[in-house]
file query00.tsv (TSV, C-alpha atoms)
chain	number	residue	atom	x	y	z
A	93	LYS	CA	99.23	100.68	121.00
A	94	ILE	CA	100.37	97.28	119.74
A	95	PHE	CA	97.59	95.11	121.09
A	96	PRO	CA	93.92	96.05	120.63
A	97	SER	CA	91.56	94.99	123.37
A	98	LEU	CA	89.83	91.72	122.62
A	99	PHE	CA	86.54	93.47	123.27
A	100	SER	CA	87.10	96.89	121.71
A	101	SER	CA	85.83	98.32	118.44
A	102	GLU	CA	89.35	97.88	117.05
A	103	MET	CA	88.53	94.20	116.56
A	104	ALA	CA	86.40	95.28	113.61
A	105	GLN	CA	89.63	96.08	111.80
A	106	ARG	CA	91.88	93.73	109.90
A	107	VAL	CA	95.18	93.56	111.76
A	108	LEU	CA	98.32	91.63	110.89
A	109	TYR	CA	100.85	90.93	113.61
A	110	TRP	CA	104.22	90.21	112.07
A	111	ALA	CA	108.00	90.26	112.41
A	112	SER	CA	110.49	91.39	109.80
A	113	GLY	CA	112.15	88.65	107.74
A	114	SER	CA	109.84	85.72	108.44
A	115	PRO	CA	109.00	83.83	105.22
A	116	TYR	CA	105.64	82.86	106.68
A	117	VAL	CA	104.81	86.47	107.42
A	118	ARG	CA	105.84	87.57	103.97
A	119	LYS	CA	103.62	84.90	102.43
A	120	ILE	CA	100.59	86.47	104.12
A	121	GLN	CA	101.69	90.00	103.30
A	122	ILE	CA	101.96	89.08	99.62
A	123	ILE	CA	98.50	87.50	99.68
A	124	LEU	CA	96.99	90.62	101.26
A	125	GLU	CA	98.66	92.80	98.62
A	126	GLU	CA	97.59	90.54	95.75
A	127	LYS	CA	94.01	90.71	96.95
A	128	GLY	CA	94.12	94.44	97.59
A	129	LEU	CA	93.04	93.99	101.20
A	130	GLN	CA	93.88	96.86	103.52
A	131	TYR	CA	95.11	96.00	106.98
A	132	GLU	CA	96.63	97.54	110.05
A	133	SER	CA	100.26	96.57	110.43
A	134	LYS	CA	101.56	95.60	113.86
A	135	LEU	CA	105.31	94.99	113.68
A	136	LEU	CA	106.50	92.94	116.65
A	137	SER	CA	109.97	92.25	117.97
A	138	ALA	CA	110.59	88.77	119.31
A	139	ALA	CA	113.89	90.01	120.75
A	140	SER	CA	111.98	92.57	122.81
A	141	GLY	CA	109.54	89.94	124.02
A	142	ASP	CA	106.51	91.26	122.12
A	143	THR	CA	105.37	87.78	121.07
A	144	LYS	CA	105.39	86.53	124.66
A	145	LYS	CA	103.36	89.35	126.15
A	146	PRO	CA	100.01	88.31	127.64
A	147	GLU	CA	98.13	90.54	125.21
A	148	PHE	CA	99.61	88.71	122.22
A	149	LEU	CA	99.35	85.25	123.78
A	150	ALA	CA	95.64	85.95	124.22
A	151	LEU	CA	95.47	86.11	120.42
A	152	ASN	CA	97.95	83.33	119.68
A	153	PRO	CA	98.87	81.03	122.58
A	154	ARG	CA	101.88	79.76	120.63
A	155	GLY	CA	103.36	83.25	120.54
A	156	LYS	CA	104.26	83.18	116.87
A	157	VAL	CA	103.76	85.29	113.77
A	158	PRO	CA	101.96	85.78	111.50
A	159	THR	CA	98.74	86.25	113.39
A	160	LEU	CA	95.76	87.80	111.64
A	161	VAL	CA	92.75	89.45	113.21
A	162	ASP	CA	89.89	89.90	110.74
A	163	GLY	CA	86.83	91.29	112.45
A	164	ASP	CA	86.04	88.82	115.24
A	165	LYS	CA	88.18	86.10	113.65
A	166	VAL	CA	91.70	85.39	114.95
A	167	LEU	CA	93.94	83.13	112.89
A	168	TYR	CA	97.50	81.90	113.05
A	169	GLU	CA	99.51	79.33	111.06
A	170	SER	CA	100.25	80.82	107.65
A	171	ASP	CA	98.61	78.09	105.56
A	172	ALA	CA	95.38	78.39	107.55
A	173	ILE	CA	95.46	82.17	107.07
A	174	ALA	CA	96.14	81.72	103.34
A	175	LEU	CA	93.16	79.38	102.92
A	176	TYR	CA	90.90	81.68	104.92
A	177	LEU	CA	91.84	84.78	102.91
A	178	ASP	CA	91.39	83.06	99.57
A	179	GLU	CA	87.95	81.73	100.44
A	180	LYS	CA	86.73	84.74	102.42
A	181	TYR	CA	87.79	87.19	99.70
A	182	PRO	CA	87.37	85.30	96.39
A	183	GLU	CA	87.23	88.35	94.11
A	184	LYS	CA	90.91	87.87	93.25
A	185	PRO	CA	91.40	84.12	93.64
A	186	LEU	CA	94.85	82.70	94.29
A	187	LEU	CA	93.94	79.04	93.87
A	188	PRO	CA	92.84	77.34	90.64
A	189	LYS	CA	89.19	76.32	90.35
A	190	ASP	CA	90.08	73.05	88.65
A	191	LEU	CA	90.45	70.33	91.30
A	192	ASP	CA	93.52	68.74	89.74
A	193	ALA	CA	95.34	72.07	89.53
A	194	LYS	CA	94.21	73.04	93.02
A	195	SER	CA	95.51	69.77	94.45
A	196	VAL	CA	98.88	70.39	92.78
A	197	ALA	CA	98.93	73.89	94.26
A	198	TRP	CA	98.36	72.57	97.77
A	199	MET	CA	100.87	69.77	97.27
A	200	ARG	CA	103.54	72.33	96.35
A	201	ILE	CA	102.53	74.59	99.25
A	202	PHE	CA	103.03	71.72	101.69
A	203	GLU	CA	106.32	70.83	99.99
A	204	THR	CA	107.73	74.26	100.81
A	205	SER	CA	107.82	73.01	104.40
A	206	THR	CA	110.28	70.37	103.19
A	207	LEU	CA	112.34	73.11	101.54
A	208	ALA	CA	112.37	75.06	104.81
A	209	GLY	CA	113.47	71.87	106.55
A	210	VAL	CA	116.38	71.49	104.13
A	211	PHE	CA	117.46	75.04	104.94
A	212	ARG	CA	117.29	74.24	108.64
A	213	ASP	CA	118.78	70.75	108.67
A	214	SER	CA	121.54	71.40	106.14
A	215	GLY	CA	123.00	74.19	108.25
A	216	PHE	CA	122.11	76.88	105.70
A	217	ASN	CA	120.36	79.03	108.29
A	218	GLN	CA	123.60	79.46	110.21
A	219	PHE	CA	125.18	81.00	107.11
A	220	TYR	CA	122.05	82.99	106.29
A	221	ASN	CA	122.03	84.46	109.80
A	222	LYS	CA	125.77	85.19	109.47
A	223	GLN	CA	126.71	82.93	112.35
A	224	LYS	CA	129.10	81.31	109.91
A	225	ASN	CA	130.99	82.60	106.88
A	226	PRO	CA	131.28	80.57	103.63
A	227	GLN	CA	134.86	81.82	103.15
A	228	GLU	CA	135.85	80.60	106.60
A	229	SER	CA	133.87	77.34	106.57
A	230	VAL	CA	134.44	76.22	102.99
A	231	GLU	CA	133.89	72.47	103.44
A	232	GLU	CA	130.74	72.92	105.48
A	233	TRP	CA	129.35	75.47	103.02
A	234	THR	CA	130.07	73.08	100.14
A	235	GLU	CA	128.08	70.34	101.87
A	236	VAL	CA	125.22	72.77	102.51
A	237	ALA	CA	125.20	73.81	98.86
A	238	ILE	CA	125.04	70.21	97.65
A	239	LYS	CA	121.98	69.49	99.81
A	240	ILE	CA	120.20	72.65	98.72
A	241	LYS	CA	120.96	72.05	95.04
A	242	GLY	CA	119.40	68.61	95.30
A	243	GLU	CA	116.19	70.21	96.58
A	244	LEU	CA	116.30	72.97	93.96
A	245	ALA	CA	116.58	70.37	91.21
A	246	LEU	CA	113.14	69.07	92.21
A	247	TRP	CA	111.56	72.53	92.03
A	248	ASN	CA	113.28	73.21	88.73
A	249	ASN	CA	111.72	70.03	87.36
A	250	TYR	CA	108.27	70.99	88.68
A	251	LEU	CA	108.49	74.15	86.59
A	252	SER	CA	109.86	72.51	83.45
A	253	ASP	CA	106.52	72.38	81.62
A	254	ARG	CA	104.63	75.32	83.09
A	255	ASP	CA	104.89	79.03	83.85
A	256	TYR	CA	103.82	78.69	87.48
A	257	LEU	CA	103.73	75.85	89.98
A	258	ALA	CA	100.04	75.02	89.55
A	259	GLY	CA	99.85	75.70	85.81
A	260	ASN	CA	99.76	78.92	83.87
A	261	THR	CA	98.37	81.15	86.63
A	262	PHE	CA	100.13	82.68	89.63
A	263	SER	CA	98.86	81.07	92.83
A	264	LEU	CA	99.38	80.57	96.54
A	265	ALA	CA	101.92	77.90	95.66
A	266	ASP	CA	104.15	80.44	93.95
A	267	ILE	CA	103.85	82.79	96.90
A	268	ALA	CA	104.83	80.03	99.31
A	269	LEU	CA	107.86	79.04	97.22
A	270	PHE	CA	109.06	82.59	96.65
A	271	SER	CA	108.83	83.36	100.35
A	272	GLN	CA	111.31	80.55	101.05
A	273	LEU	CA	113.64	80.86	98.04
A	274	VAL	CA	114.23	84.56	98.53
A	275	ALA	CA	116.62	83.60	101.34
A	276	LEU	CA	118.98	82.19	98.70
A	277	GLU	CA	118.87	85.39	96.66
A	278	ARG	CA	119.56	87.23	99.87
A	279	VAL	CA	122.91	85.45	100.21
A	280	GLY	CA	123.90	85.93	96.59
A	281	LYS	CA	122.08	83.31	94.50
A	282	LYS	CA	120.95	84.83	91.21
A	283	PHE	CA	118.33	82.53	89.73
A	284	VAL	CA	117.78	84.57	86.58
A	285	GLU	CA	121.41	85.39	85.80
A	286	ASP	CA	123.29	82.19	86.62
A	287	LYS	CA	120.96	79.84	84.70
A	288	GLU	CA	121.93	76.89	86.91
A	289	PHE	CA	118.24	76.16	87.35
A	290	PRO	CA	116.76	77.67	84.19
A	291	HIS	CA	113.11	76.89	84.90
A	292	ILE	CA	113.33	78.44	88.36
A	293	GLY	CA	115.11	81.37	86.74
A	294	SER	CA	112.33	81.92	84.23
A	295	TRP	CA	109.72	81.63	86.98
A	296	TRP	CA	111.69	83.96	89.25
A	297	GLY	CA	111.86	86.59	86.53
A	298	LYS	CA	108.06	86.70	86.39
A	299	VAL	CA	107.31	86.45	90.10
A	300	SER	CA	109.94	88.77	91.56
A	301	VAL	CA	108.70	91.82	89.61
A	302	ARG	CA	105.13	91.68	90.90
A	303	ASP	CA	104.01	94.71	92.90
A	304	SER	CA	103.05	92.49	95.84
A	305	ILE	CA	106.64	91.28	96.05
A	306	LYS	CA	108.15	94.74	95.82
A	307	LYS	CA	105.83	96.11	98.51
A	308	THR	CA	106.64	93.43	101.07
A	309	VAL	CA	110.44	93.55	101.29
A	310	PRO	CA	111.31	93.16	104.99
A	311	PRO	CA	112.19	96.61	106.35
A	312	HIS	CA	115.44	95.55	107.99
A	313	TRP	CA	116.80	94.27	104.66
A	314	SER	CA	117.25	97.81	103.36
A	315	ASN	CA	119.74	98.45	106.17
A	316	THR	CA	121.82	95.29	105.80
A	317	GLN	CA	123.72	93.49	103.08

call {"tool": "encode", "arguments": {"input": "query00.tsv", "output": "structure tokens"}}
result
Amino acid sequence: KIFPSLFSSEMAQRVLYWASGSPYVRKIQIILEEKGLQYESKLLSAASGDTKKPEFLALNPRGKVPTLVDGDKVLYESDAIALYLDEKYPEKPLLPKDLDAKSVAWMRIFETSTLAGVFRDSGFNQFYNKQKNPQESVEEWTEVAIKIKGELALWNNYLSDRDYLAGNTFSLADIALFSQLVALERVGKKFVEDKEFPHIGSWWGKVSVRDSIKKTVPPHWSNTQ
């Protein structure tokens, strides 16, 4: 049963509706793991029309994932869910208490939307989704790489004087960035090994080994290259 009744006792549970491979979904999955919050997993398939079914649209009229049900609360939009989880369950905080550091964290979180836009607008997503091949579209791939490297240079600079994006503590900002950058590793970028962006590489080496990261690898990735 994918969709609990809006009026059943199942609403007392914490339920995450998600789809494999979404960076916004993975962001929320990592947060839940970091906080040690148990939840019922509801894997949806957009291709099968799950996100457009009336039962799901009753929860999220935009028909998108992630969508979180927490007791009688229904939330969508990953940043709203992230804020809710961090304030509702503060035992393991993922935002700094200091206002200056917290404002930097949120600034970087919002900036990951710009990074996602670079992926989209540069044409990277067509290569990531294997609609195009770098070996067959060399000039186009070169242009894509130049645009992405310009964006990565900014993030590398942000990390030049700190261990994590908001200071010396892992935060929501790091989760948001990792969830986007992992697409580059997926197509062969090795941040730690190639040292092209050394500060990202150092950061990546710390973040990528966290249990929350290892536990949230999209299931379909294990079956594809």

call {"tool": "residues_near_point", "arguments": {"input": "query00.tsv", "point": "(105.0, 87.5, 107.3)", "cutoff": "9 Å", "atoms": "only C-alpha atoms", "output": "list in words"}}
result
Leu108, Tyr109, Trp110, Ala111, Ser112, Gly113, Ser114, Pro115, Tyr116, Val117, Arg118, Lys119, Ile120, Gln121, Ile122, Val157, Pro158, Thr159, Ser170, Ser271, Thr308 and Pro310 of chain A

call {"tool": "residues_around", "arguments": {"input": "query00.tsv", "residues": "Lys165 in chain A", "least_positions_apart": "5", "cutoff": "12 Å", "atoms": "all atoms listed in the file", "output": "VMD selection string"}}
result
chain A and resid 98 103 to 108 151 to 152 159 to 160 173 176 to 177 180

call {"tool": "residues_around", "arguments": {"input": "query00.tsv", "residues": "Asp213 in chain A", "least_positions_apart": "4", "cutoff": "12 Å", "atoms": "all atoms listed in the file", "output": "JSON, numbers by chain"}}
result
{"A": [205, 206, 207, 208, 209, 217, 218, 235, 236, 239, 240]}

call {"tool": "residues_around", "arguments": {"input": "query00.tsv", "residues": "Gly242 in chain A", "least_positions_apart": "4", "cutoff": "12 Å", "atoms": "all atoms listed in the file", "output": "list of chain:residue names"}}
result
A:Leu207, A:Val210, A:Phe211, A:Ser214, A:Glu235, A:Val236, A:Ala237, A:Ile238, A:Leu246, A:Trp247, A:Asn248, A:Asn249, A:Phe289

call {"tool": "residues_around", "arguments": {"input": "query00.tsv", "residues": "Ser252 in chain A", "least_positions_apart": "5", "cutoff": "9 Å", "atoms": "only C-alpha atoms", "output": "number ranges by chain"}}
result
A: 247, 290-292

call {"tool": "residues_around", "arguments": {"input": "query00.tsv", "residues": "Glu288 in chain A", "least_positions_apart": "5", "cutoff": "12 Å", "atoms": "only C-alpha atoms", "output": "ChimeraX atom specification"}}
result
/A:241,244-245,248,281-283,293-294

call {"tool": "write_last_selection", "arguments": {"input": "query00.tsv", "atoms": "C-alpha atoms", "output": "PDB file, in the coordinates of the input"}}
result
ATOM      1  CA  LYS A 241     120.960  72.050  95.040  1.00  0.00           C
ATOM      2  CA  LEU A 244     116.300  72.970  93.960  1.00  0.00           C
ATOM      3  CA  ALA A 245     116.580  70.370  91.210  1.00  0.00           C
ATOM      4  CA  ASN A 248     113.280  73.210  88.730  1.00  0.00           C
ATOM      5  CA  LYS A 281     122.080  83.310  94.500  1.00  0.00           C
ATOM      6  CA  LYS A 282     120.950  84.830  91.210  1.00  0.00           C
ATOM      7  CA  PHE A 283     118.330  82.530  89.730  1.00  0.00           C
ATOM      8  CA  GLY A 293     115.110  81.370  86.740  1.00  0.00           C
ATOM      9  CA  SER A 294     112.330  81.920  84.230  1.00  0.00           C
TER      10      SER A 294
END

call {"tool": "closest_residue", "arguments": {"input": "query00.tsv", "among": "A:Arg254, A:Gln227, A:Pro185, A:Ile267", "to": "Arg200 in chain A", "atoms": "all atoms listed in the file"}}
result
A:Ile267

call {"tool": "axis_aligned_box", "arguments": {"input": "query00.tsv", "around": "range 261-270 of chain A", "padding_each_side": "3 Å", "output": "lines of an AutoDock Vina configuration file"}}
result
center_x = 103.7
center_y = 80.3
center_z = 93.0
size_x = 16.7
size_y = 10.9
size_z = 18.7

call {"tool": "atom_distance", "arguments": {"input": "query00.tsv", "atom1": "CA of Leu264 in chain A", "atom2": "CA of Leu124 in chain A"}}
result
11.4 Å

call {"tool": "closest_residue", "arguments": {"input": "query00.tsv", "among": "A:Glu126, A:Ala268, A:Ala258, A:Val274", "to": "Ser195 in chain A", "atoms": "only C-alpha atoms"}}
result
A:Ala258

call {"tool": "closest_residue", "arguments": {"input": "query00.tsv", "among": "A:Leu191, A:Leu129, A:Ile123, A:Leu276", "to": "Ile305 in chain A", "atoms": "all atoms listed in the file"}}
result
A:Ile123

call {"tool": "closest_residue", "arguments": {"input": "query00.tsv", "among": "A:Asp164, A:Gly280, A:Lys298, A:Ala139", "to": "Pro226 in chain A", "atoms": "only C-alpha atoms"}}
result
A:Gly280

call {"tool": "atom_distance", "arguments": {"input": "query00.tsv", "atom1": "CA of Gly297 in chain A", "atom2": "CA of Val284 in chain A"}}
result
6.3 Å

call {"tool": "closest_residue", "arguments": {"input": "query00.tsv", "among": "A:Gly163, A:Asp253, A:Lys189, A:Asp178", "to": "Tyr131 in chain A", "atoms": "all atoms listed in the file"}}
result
A:Gly163

call {"tool": "atom_distance", "arguments": {"input": "query00.tsv", "atom1": "CA of Asn260 in chain A", "atom2": "CA of Ala275 in chain A"}}
result
24.7 Å
